[in-house]
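Shown next, in structure tokens, is the structure this report addresses.
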Amino acid sequence: MPPSLPAHAAQRPLAAALLALPLGAWLGTAVQVQQRALDAPAVYGGALALALLLAGLAAWALRTRRVAAGALRLLPLAWLLAGALAAWGAAGWRAQQVAAQALAPDLEGADLVLTGVVARMPQQGATGWRFVFEVERAERDGSRVRLPPRVQLAWYRAAPDGAARADRGPPEPIRAGQRWRLQARLKAPHGTLNPHGFDYELYLWEQGIGATGYVRAGPRDAPPQRLAEGVGHRVERARQAVRDRILARAESPGDAAAHSRRAIVAALVTGDQGVIEHRDWDLFRVTGVAHLMSISGLHITMFAWLAAGAVGWLWRRAARWRGWGRANPCLWLPAPSAAWIGGVALAAAYALFSGWGVPAQRTVLMLAGMTALRVAGLRWPWWLAWLWAGAAVLALDPWALLQAGFWLSFVAVGILFATDSRAAGAGHKGANGHFVQLLREQGVVTLALTPLSLLLFGQASVVGLAANLVAIPWVTLVVTPLALLGVAWPALWQAAALALQPLVALLQWLATWPWAQWSVPALPLALGALAVAGGALLAMRWPLALRLAGVPLLLPLLLWQPARPAPGQFELLAADVGQGSAVLVRTARHSLLYDAGPRYSEDSDAGQRVLAPLLRALGERLDTLVLSHRDTDHTGGAAAVLAQQPRADLITSIEPGRVLEGLPAGTPCRAGQGWQWDGVRFDVLHPDAAQAAAARRSNAMSCVIRVSTPQALALLTGDIEAAQEQALLAVGTPLRSTVLLVPHHGSRTSSSAVFIDAVQPRLALIQAGYRNRFHHPAPPVLARYAERGVPVRASPACGAMRWSSARPDELACQRDSAARYWHHRVPSAAP
């Protein structure tokens with residue numbers, strides 16, 4: 001049964017107010033972050049004024065009791081509304097201030113001269129540097145312009161727009177606190193938007209970044225000038241100095257494993273997760289220990305728990321010294337209070353030095369609120385303090401409500417309090433006893449958080465409990481202390497790196513176990529919430545009969561399957577992958593992925609970032625992966641997709657003798673091939689053997705596939721150009737289709753007038769990146785479709801696009817169905 005206030009207290013209006021206010025704050029924040037568009041500032045100001053009026057009237061009635069007894073019963077509703085209006089109005093007002101600083105559309109792509117300071121520890125990658133820049137002054141053609149206060153810049157070693165320019169890389173390493181004058185091009189914060197995908201635009205919004213761009217450092221550009229060193233940002237400068245010292249102390253330059261361990265040590269000390277290699281993150285996620293390798297909310301909570309035990313032990317030992325007399329510290333601050341205050345203070349210092357990231361801020365504020373209540377002697381039930389702490393966190397960062405880290409840390413802290421009332425009295429334990437308590441609670445937290453992890457990420461580690469039972473004490477008691485003490489004695493960084501070696505070996509062994517990771521399709525929010533409640537019930541220390549009531553609530557995790565097209569129908573999902581192509585075709589029992597998106601960098605591609613999570617969320621088991629041709633904007637994510645879908649057949653249209661790195665040879669794509677799935681016909685139209693032999697460019701090899709039912713047809717064209725379009729027409733290939741994937745992302749070399757006339761599409765889809773360097777889709781191409789009355793939808797303005805043969809005249813755009821006010825609205829004239 002759920003916890004509740006004592007019967008005599010629940011009837012008191014004050015107790016009801018203490019419960020209603022935070023609940024209202026949660027409700028108001030939840031409503032505001034779901035808004036599709038912001039209201040006028042006056043609306044939010046009015047909501048704040050009304051909240052103050054309601055709270056004032058309720059407080060007056062509570063104090064004077066000059067209202068009827070029946071009206072007193074309405075006071076909880078008044079407090080609830082006051083809390084909701086205050087949270088909704090405050091979050092909306094802040095959002096309006098951020099939106100008012102947005103980058104003006106006419107400044108996108110313009111050459112701007114920026115003067116400002118590197119505000120955060122920069123990230124160095126294979127292609128150059130990436131850093132947050134605080135803009136002090138911006139000029140365009142000598143005239144001052146207004147920009148967002150913070151922008152994110154990349155400084156490439158080579159120009160991002162191809163061989164037309166030869167950029168110069170930074171003349172020296174970029175460091176936090178440097179003031180630069182440099183030339184840059186900016187664009188509005190814009191990311192890919194897919195079902196169940198990461199919302200990059202929300203991340204930038206929450207970080208206060210109002211534009212992204214890159215430094216122009218070509219021969220014809222004004223050379224960047226470093227104006228000063230060490231300007232403010234002392235914590236960031238110290239973090240970077242420590243990170244660079246750790247990474248520089250490599251055992252041997254060619255030892256990749258040693259460098260990998262050093263990077264983990266640097267992340268544990270400074271919170272720079274970007275230095276950890278991608279393959280190590282994959283290992284940590286599979287084994288369920290990723291929370292220990294980054295400065296997450298759970299990490300800060302554990303640090304605070306251990307610090308509290310250590311401070312309490314030292315406080316009691318210090319009190320035994322006879323020389324204190326009346327100045328004995330325990331006389332003016334009991335050891336339990338000192339333990340909590342010291343634990344939170346040390347955790348806050350650790351969080352500050354590790355970058356003061358949003359998850360760390362939330363957790364420190366939550367722990368500080370609970371500590372303040374206990375030190376003040378306010379004996380609130382744990383769950384009431386928990387609600388108030390959450391309300392305080394959301395007041396600081398309303399958009400935290402949409403972040404997985406908030407829910408993981410918040411639920412973890414709640415479970416720790418709910419399952420062991422002694423956890424609140426950490427100061428009564430010695431350090432050893434406190435840590436034993438943590439180990440015992442790890443199993444409970446794992447049980448409670450597994451359904452939440454499955455809801456948030458679609459996967460959870462089966463070996464996570466075993467891995468954490470070893471990793472938690474080892475990382476918390478051995479690796480992290482050595483890493484932190486290395487700031488004073490750098491030789492200990494070597495010891496911390498060596499201590500990681502046996503742990504990494506154990507994790508690698510656990511990761512090889514069958515079913516080491518459990519994946520499930522994405523559940524609807526309501527069913528997912530029931531499953532999380534079921535896990536929490538099982539973790540509680542209540543009678544067994546009550547705990548077993550949580551088992552039926554977990555069944556959706558095992559039984560849920562997303563809806564699929566009916567037999568004889570098919571569905572297209574054109575994923576938003578930026579400048580590239582990836583289209584998922586689903587029938588009643590089969591699925592085909594046409595292309596796998598681009599490679600973004602040496603360690604990042606559309607397969608990892610977009611397609612693998614999307615396929616997992618949809619519960620897909622690919623039957624076939626088709627790579628239309630070898631260009632990396634179509635094949636960049638193939639290896640990641642096949643790693644998740646090893647049973648998928650591979651069909652490729654690649655020149656004879658060529659094999660893409662990391663991929664099997666596959667079956668050649670040739671005209672005349674065809675098959676049928678669930679009443680849906682698939683036909684390969686191009687290339688035939690002669691065309692494949694004669695092709696001199698990869699685009700000419702593009703595998704063209706027609707998907708058809710008696711009611712609707714879809715034509716997937718890859719990057720064919722006008723010559724290949726003419727070849728299809730010359731042999732009399734039937735091309736008329738309901739929906740067309742526009743050839744070559746809308747390049748001016750494709751979509752000839754005769755081709756469009758032959759296809760006669762009712763809808764045309766374009767997959768391209770926002771403000772991409774190829775300027776796709778080309779205005780003349782869009783004009784040709786417009787002249788024929790063909791509606792064209794492109795992924796920059798639409799996000800992921802979903803079309804079904806059962807409703808051929810409808811197209812669902814992710815940017816429409818999931819629109820929120822922080823999402824970028826693409827100007828109608830933008831390519």
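By convention in this document, the chains of the structure tokens carry letters A, B, ... by their order, each chain's residues are numbered from 1, and ligands are numbered from 1 in the order they are shown.
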Within 9 Å of segment 179-197 of chain A, which residues of segment 604-650 of chain A come that close, and what is the closest atom pair and distance in Å for each? Count only C-alpha atoms and give it as CSV.
```
residue,atom,partner,partner_atom,distance
A:Arg609,CA,A:Gly197,CA,8.2
A:Val610,CA,A:Gly197,CA,6.6
A:Pro613,CA,A:Gly197,CA,7.0
A:Leu614,CA,A:His196,CA,6.5
A:Ala617,CA,A:His196,CA,6.7
A:Leu618,CA,A:His196,CA,8.9
```
Would you output that residue set with N, CA, C and O atoms, as a PDB file, in the first residue's frame?
```pdb
ATOM      1  N   ARG A 609      23.779   5.815 -33.864  1.00  0.00           N
ATOM      2  CA  ARG A 609      23.042   6.900 -33.229  1.00  0.00           C
ATOM      3  C   ARG A 609      21.559   6.906 -33.552  1.00  0.00           C
ATOM      4  O   ARG A 609      20.752   7.382 -32.751  1.00  0.00           O
ATOM      5  N   VAL A 610      21.171   6.400 -34.717  1.00  0.00           N
ATOM      6  CA  VAL A 610      19.772   6.511 -35.132  1.00  0.00           C
ATOM      7  C   VAL A 610      19.139   5.153 -35.388  1.00  0.00           C
ATOM      8  O   VAL A 610      18.109   4.805 -34.792  1.00  0.00           O
ATOM      9  N   PRO A 613      19.052   2.133 -32.391  1.00  0.00           N
ATOM     10  CA  PRO A 613      18.006   2.413 -31.393  1.00  0.00           C
ATOM     11  C   PRO A 613      16.597   2.368 -31.969  1.00  0.00           C
ATOM     12  O   PRO A 613      15.661   1.910 -31.303  1.00  0.00           O
ATOM     13  N   LEU A 614      16.425   2.838 -33.213  1.00  0.00           N
ATOM     14  CA  LEU A 614      15.100   2.832 -33.820  1.00  0.00           C
ATOM     15  C   LEU A 614      14.607   1.414 -34.056  1.00  0.00           C
ATOM     16  O   LEU A 614      13.446   1.076 -33.739  1.00  0.00           O
ATOM     17  N   ALA A 617      13.686  -0.134 -30.723  1.00  0.00           N
ATOM     18  CA  ALA A 617      12.435   0.395 -30.167  1.00  0.00           C
ATOM     19  C   ALA A 617      11.218  -0.161 -30.886  1.00  0.00           C
ATOM     20  O   ALA A 617      10.162  -0.361 -30.272  1.00  0.00           O
ATOM     21  N   LEU A 618      11.349  -0.416 -32.185  1.00  0.00           N
ATOM     22  CA  LEU A 618      10.231  -0.967 -32.955  1.00  0.00           C
ATOM     23  C   LEU A 618      10.142  -2.482 -32.860  1.00  0.00           C
ATOM     24  O   LEU A 618       9.216  -3.085 -33.412  1.00  0.00           O
TER      25      LEU A 618
END
```
Legend entry - Shell of 9 Å around Ile756 of chain A, only C-alpha atoms, local chain residues under 3 positions omitted, as a list in words: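 Residues near the query, excluding close chain neighbours: Ser751, Ser752, Ala753, Val759, Gln760, Pro761, Arg784, Tyr785 and Arg788 of chain A.
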Legend entry - Best match for closeness to Arg815 of chain A among A:Leu593, A:Val731, A:Leu394, A:Ala575, counting only C-alpha atoms: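 For Arg815 of chain A, the nearest of the given residues is A:Ala575.
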Legend entry - Among the residues A:Ala640, A:Arg168, A:Leu611, A:Ala82, the one that comes closest to Arg220 of chain A [using only C-alpha atoms]: A:Arg168
Legend entry - Contacts of Pro827 of chain A within 12 Å, only C-alpha atoms, excl. fewer than 2 positions in-chain, as a PyMOL selection string: chain A and resi 104-106+108+187-188+770-771+796-798+824-825+829-831
Show which residues sit within 12 Å of Thr363 of chain A, as an mmCIF file with N, CA, C and O atoms, in the first residue's frame. Count only C-alpha atoms, and ignore same-chain residues fewer than 3 positions away.
```
data_model
loop_
_atom_site.group_PDB
_atom_site.id
_atom_site.type_symbol
_atom_site.label_atom_id
_atom_site.label_comp_id
_atom_site.auth_asym_id
_atom_site.auth_seq_id
_atom_site.Cartn_x
_atom_site.Cartn_y
_atom_site.Cartn_z
ATOM 1 N N ILE A 295 30.024 10.915 -14.459
ATOM 2 C CA ILE A 295 29.562 11.625 -13.267
ATOM 3 C C ILE A 295 28.048 11.775 -13.364
ATOM 4 O O ILE A 295 27.510 12.826 -13.704
ATOM 5 N N SER A 296 27.370 10.681 -13.080
ATOM 6 C CA SER A 296 25.914 10.650 -13.183
ATOM 7 C C SER A 296 25.296 10.956 -11.825
ATOM 8 O O SER A 296 25.974 11.094 -10.807
ATOM 9 N N GLY A 297 23.965 11.045 -11.819
ATOM 10 C CA GLY A 297 23.280 11.290 -10.566
ATOM 11 C C GLY A 297 23.514 10.181 -9.556
ATOM 12 O O GLY A 297 23.726 10.436 -8.364
ATOM 13 N N LEU A 298 23.472 8.928 -10.026
ATOM 14 C CA LEU A 298 23.701 7.813 -9.117
ATOM 15 C C LEU A 298 25.120 7.823 -8.587
ATOM 16 O O LEU A 298 25.374 7.497 -7.428
ATOM 17 N N HIS A 299 26.072 8.242 -9.442
ATOM 18 C CA HIS A 299 27.470 8.322 -9.021
ATOM 19 C C HIS A 299 27.626 9.356 -7.901
ATOM 20 O O HIS A 299 28.272 9.094 -6.879
ATOM 21 N N ILE A 300 27.042 10.535 -8.069
ATOM 22 C CA ILE A 300 27.126 11.571 -7.045
ATOM 23 C C ILE A 300 26.454 11.103 -5.758
ATOM 24 O O ILE A 300 26.941 11.358 -4.649
ATOM 25 N N THR A 301 25.321 10.408 -5.892
ATOM 26 C CA THR A 301 24.623 9.908 -4.702
ATOM 27 C C THR A 301 25.494 8.938 -3.928
ATOM 28 O O THR A 301 25.609 9.019 -2.691
ATOM 29 N N MET A 302 26.120 7.995 -4.616
ATOM 30 C CA MET A 302 26.994 7.033 -3.934
ATOM 31 C C MET A 302 28.185 7.739 -3.286
ATOM 32 O O MET A 302 28.592 7.396 -2.164
ATOM 33 N N PHE A 303 28.745 8.720 -4.001
ATOM 34 C CA PHE A 303 29.870 9.458 -3.427
ATOM 35 C C PHE A 303 29.436 10.172 -2.145
ATOM 36 O O PHE A 303 30.153 10.176 -1.145
ATOM 37 N N ALA A 304 28.229 10.793 -2.189
ATOM 38 C CA ALA A 304 27.732 11.486 -1.001
ATOM 39 C C ALA A 304 27.503 10.519 0.152
ATOM 40 O O ALA A 304 27.801 10.836 1.312
ATOM 41 N N VAL A 344 27.221 15.982 1.592
ATOM 42 C CA VAL A 344 26.687 16.787 0.502
ATOM 43 C C VAL A 344 27.710 17.827 0.047
ATOM 44 O O VAL A 344 27.858 18.091 -1.162
ATOM 45 N N ALA A 347 30.303 16.047 -2.019
ATOM 46 C CA ALA A 347 29.720 15.662 -3.297
ATOM 47 C C ALA A 347 29.547 16.876 -4.207
ATOM 48 O O ALA A 347 29.764 16.790 -5.422
ATOM 49 N N ALA A 348 29.174 18.026 -3.625
ATOM 50 C CA ALA A 348 29.029 19.241 -4.424
ATOM 51 C C ALA A 348 30.379 19.691 -4.980
ATOM 52 O O ALA A 348 30.470 20.121 -6.144
ATOM 53 N N TYR A 350 32.944 17.755 -5.617
ATOM 54 C CA TYR A 350 33.287 16.793 -6.665
ATOM 55 C C TYR A 350 32.506 17.083 -7.943
ATOM 56 O O TYR A 350 33.049 17.079 -9.057
ATOM 57 N N ALA A 351 31.191 17.364 -7.786
ATOM 58 C CA ALA A 351 30.369 17.661 -8.952
ATOM 59 C C ALA A 351 30.825 18.940 -9.639
ATOM 60 O O ALA A 351 30.818 19.035 -10.872
ATOM 61 N N LEU A 352 31.249 19.943 -8.857
ATOM 62 C CA LEU A 352 31.716 21.198 -9.440
ATOM 63 C C LEU A 352 32.975 20.973 -10.261
ATOM 64 O O LEU A 352 33.090 21.441 -11.395
ATOM 65 N N TRP A 356 30.168 20.176 -13.285
ATOM 66 C CA TRP A 356 28.875 20.717 -12.851
ATOM 67 C C TRP A 356 27.817 20.507 -13.924
ATOM 68 O O TRP A 356 27.072 21.402 -14.309
ATOM 69 N N GLY A 357 27.792 19.266 -14.422
ATOM 70 C CA GLY A 357 26.816 18.928 -15.441
ATOM 71 C C GLY A 357 25.412 18.916 -14.878
ATOM 72 O O GLY A 357 25.191 18.920 -13.659
ATOM 73 N N VAL A 358 24.442 18.896 -15.783
ATOM 74 C CA VAL A 358 23.042 18.954 -15.364
ATOM 75 C C VAL A 358 22.670 17.786 -14.445
ATOM 76 O O VAL A 358 22.019 17.989 -13.420
ATOM 77 N N PRO A 359 23.063 16.525 -14.736
ATOM 78 C CA PRO A 359 22.727 15.445 -13.796
ATOM 79 C C PRO A 359 23.331 15.669 -12.417
ATOM 80 O O PRO A 359 22.686 15.392 -11.396
ATOM 81 N N ALA A 360 24.573 16.181 -12.374
ATOM 82 C CA ALA A 360 25.201 16.437 -11.076
ATOM 83 C C ALA A 360 24.483 17.549 -10.330
ATOM 84 O O ALA A 360 24.265 17.466 -9.110
ATOM 85 N N MET A 366 19.038 17.831 -4.898
ATOM 86 C CA MET A 366 18.135 16.889 -4.252
ATOM 87 C C MET A 366 18.667 16.471 -2.877
ATOM 88 O O MET A 366 17.951 16.491 -1.872
ATOM 89 N N LEU A 367 19.936 16.119 -2.838
ATOM 90 C CA LEU A 367 20.544 15.691 -1.573
ATOM 91 C C LEU A 367 20.625 16.848 -0.586
ATOM 92 O O LEU A 367 20.420 16.664 0.622
ATOM 93 N N ALA A 368 20.924 18.064 -1.075
ATOM 94 C CA ALA A 368 20.996 19.218 -0.189
ATOM 95 C C ALA A 368 19.642 19.520 0.434
ATOM 96 O O ALA A 368 19.552 19.865 1.624
ATOM 97 N N GLY A 369 18.567 19.401 -0.342
ATOM 98 C CA GLY A 369 17.239 19.635 0.200
ATOM 99 C C GLY A 369 16.881 18.645 1.293
ATOM 100 O O GLY A 369 16.354 19.021 2.349
ATOM 101 N N MET A 370 17.171 17.379 1.064
ATOM 102 C CA MET A 370 16.883 16.364 2.078
ATOM 103 C C MET A 370 17.733 16.585 3.327
ATOM 104 O O MET A 370 17.267 16.404 4.461
ATOM 105 N N TRP A 386 11.220 13.721 -0.634
ATOM 106 C CA TRP A 386 11.575 13.313 -2.001
ATOM 107 C C TRP A 386 10.817 14.153 -3.027
ATOM 108 O O TRP A 386 11.380 14.639 -4.004
ATOM 109 N N ALA A 389 12.186 17.706 -2.953
ATOM 110 C CA ALA A 389 13.497 17.770 -3.609
ATOM 111 C C ALA A 389 13.337 17.760 -5.129
ATOM 112 O O ALA A 389 14.013 18.503 -5.851
ATOM 113 N N GLY A 390 12.430 16.904 -5.615
ATOM 114 C CA GLY A 390 12.186 16.877 -7.050
ATOM 115 C C GLY A 390 11.625 18.196 -7.552
ATOM 116 O O GLY A 390 12.001 18.671 -8.634
ATOM 117 N N ALA A 392 12.192 21.117 -6.280
ATOM 118 C CA ALA A 392 13.293 22.087 -6.293
ATOM 119 C C ALA A 392 14.188 21.887 -7.509
ATOM 120 O O ALA A 392 14.648 22.847 -8.125
ATOM 121 N N VAL A 393 14.438 20.634 -7.858
ATOM 122 C CA VAL A 393 15.258 20.344 -9.039
ATOM 123 C C VAL A 393 14.581 20.879 -10.293
ATOM 124 O O VAL A 393 15.224 21.495 -11.160
ATOM 125 N N LEU A 394 13.273 20.676 -10.404
ATOM 126 C CA LEU A 394 12.556 21.129 -11.584
ATOM 127 C C LEU A 394 12.441 22.647 -11.625
ATOM 128 O O LEU A 394 12.338 23.234 -12.712
ATOM 129 N N LEU A 396 14.876 24.563 -10.764
ATOM 130 C CA LEU A 396 16.182 24.942 -11.311
ATOM 131 C C LEU A 396 16.288 24.598 -12.786
ATOM 132 O O LEU A 396 16.821 25.375 -13.583
ATOM 133 N N ASP A 397 15.756 23.451 -13.177
ATOM 134 C CA ASP A 397 15.901 22.970 -14.554
ATOM 135 C C ASP A 397 14.619 22.262 -14.964
ATOM 136 O O ASP A 397 14.504 21.045 -14.825
ATOM 137 N N ALA A 400 14.682 19.086 -17.158
ATOM 138 C CA ALA A 400 15.211 17.831 -16.612
ATOM 139 C C ALA A 400 14.148 16.745 -16.613
ATOM 140 O O ALA A 400 14.469 15.554 -16.660
ATOM 141 N N GLY A 405 18.492 10.814 -17.303
ATOM 142 C CA GLY A 405 19.316 10.898 -16.103
ATOM 143 C C GLY A 405 18.547 11.367 -14.887
ATOM 144 O O GLY A 405 18.818 10.928 -13.765
ATOM 145 N N PHE A 406 17.591 12.279 -15.087
ATOM 146 C CA PHE A 406 16.784 12.743 -13.959
ATOM 147 C C PHE A 406 16.008 11.590 -13.343
ATOM 148 O O PHE A 406 16.006 11.391 -12.124
ATOM 149 N N TRP A 407 15.336 10.813 -14.180
ATOM 150 C CA TRP A 407 14.504 9.732 -13.654
ATOM 151 C C TRP A 407 15.343 8.625 -13.043
ATOM 152 O O TRP A 407 14.968 8.054 -12.008
ATOM 153 N N LEU A 408 16.470 8.307 -13.637
ATOM 154 C CA LEU A 408 17.317 7.249 -13.074
ATOM 155 C C LEU A 408 17.834 7.655 -11.697
ATOM 156 O O LEU A 408 17.782 6.867 -10.742
ATOM 157 N N SER A 409 18.355 8.879 -11.582
ATOM 158 C CA SER A 409 18.893 9.303 -10.287
ATOM 159 C C SER A 409 17.779 9.521 -9.280
ATOM 160 O O SER A 409 17.910 9.135 -8.100
ATOM 161 N N PHE A 410 16.662 10.103 -9.710
ATOM 162 C CA PHE A 410 15.574 10.390 -8.782
ATOM 163 C C PHE A 410 14.942 9.110 -8.249
ATOM 164 O O PHE A 410 14.712 8.966 -7.046
ATOM 165 N N VAL A 411 14.691 8.158 -9.144
ATOM 166 C CA VAL A 411 14.107 6.890 -8.712
ATOM 167 C C VAL A 411 15.102 6.111 -7.851
ATOM 168 O O VAL A 411 14.716 5.482 -6.858
ATOM 169 N N ALA A 412 16.386 6.159 -8.214
ATOM 170 C CA ALA A 412 17.379 5.438 -7.417
ATOM 171 C C ALA A 412 17.435 5.962 -5.990
ATOM 172 O O ALA A 412 17.454 5.188 -5.021
ATOM 173 N N VAL A 413 17.446 7.283 -5.832
ATOM 174 C CA VAL A 413 17.466 7.861 -4.484
ATOM 175 C C VAL A 413 16.191 7.490 -3.734
ATOM 176 O O VAL A 413 16.229 7.121 -2.544
ATOM 177 N N GLY A 414 15.046 7.569 -4.404
ATOM 178 C CA GLY A 414 13.795 7.213 -3.742
ATOM 179 C C GLY A 414 13.763 5.770 -3.286
ATOM 180 O O GLY A 414 13.300 5.470 -2.175
#
```
Legend entry - Close residues, Ala539 of chain A itself excluded, 8 Å, only C-alpha atoms, min 5 positions apart in chain, as a PyMOL selection string: chain A and resi 415+419+444-445+447-448+547
For the selection you just gave me, I'd like the residues written to a file as a short mmCIF file (atom, residue, chain, number, x, y, z; two decimals), in the first residue's frame, keeping N, CA, C and O atoms.
```cif
data_model
loop_
_atom_site.label_atom_id
_atom_site.label_comp_id
_atom_site.auth_asym_id
_atom_site.auth_seq_id
_atom_site.Cartn_x
_atom_site.Cartn_y
_atom_site.Cartn_z
N ILE A 415 14.27 4.86 -4.13
CA ILE A 415 14.28 3.45 -3.75
C ILE A 415 15.20 3.21 -2.57
O ILE A 415 14.89 2.43 -1.66
N THR A 419 13.38 1.57 0.72
CA THR A 419 13.63 0.17 1.06
C THR A 419 14.44 0.00 2.34
O THR A 419 14.59 -1.12 2.81
N VAL A 444 18.60 -4.24 -4.77
CA VAL A 444 17.28 -3.63 -4.76
C VAL A 444 17.18 -2.57 -5.85
O VAL A 444 16.19 -2.49 -6.60
N VAL A 445 18.21 -1.72 -5.97
CA VAL A 445 18.20 -0.67 -6.98
C VAL A 445 18.18 -1.27 -8.38
O VAL A 445 17.47 -0.80 -9.27
N LEU A 447 16.93 -4.15 -9.28
CA LEU A 447 15.60 -4.68 -9.53
C LEU A 447 14.61 -3.57 -9.86
O LEU A 447 13.78 -3.70 -10.77
N ALA A 448 14.72 -2.45 -9.16
CA ALA A 448 13.77 -1.36 -9.38
C ALA A 448 14.06 -0.60 -10.66
O ALA A 448 13.13 -0.13 -11.34
N ARG A 547 4.30 -7.32 -2.33
CA ARG A 547 5.39 -7.21 -3.31
C ARG A 547 5.08 -8.02 -4.57
O ARG A 547 5.38 -7.58 -5.68
#
```
Inset, instruction - Just list the residues in segment 622-702 of chain A DSSP gives helix (DSSP H, G or I) on the backbone, as JSON, numbers by chain. - result: {"A": [632, 633, 634, 635, 638, 639, 640, 641, 642, 643, 644, 689, 690, 691, 692, 693, 694, 698, 699, 700, 701]}
Legend entry - Proximity to Asp631 of chain A - best of A:Gln579, A:Ser804, A:Asn699, A:Gln645, only C-alpha atoms: A:Asn699
Inset, instruction - Please identify all polymer residues within 9 Å of segment 92-101 of chain A, counting only C-alpha atoms, omitting same-chain residues fewer than 5 positions from it, and present them as a PyMOL selection string. - result: chain A and resi 32-33+38-45+87+146-149+205+208+210+821-822
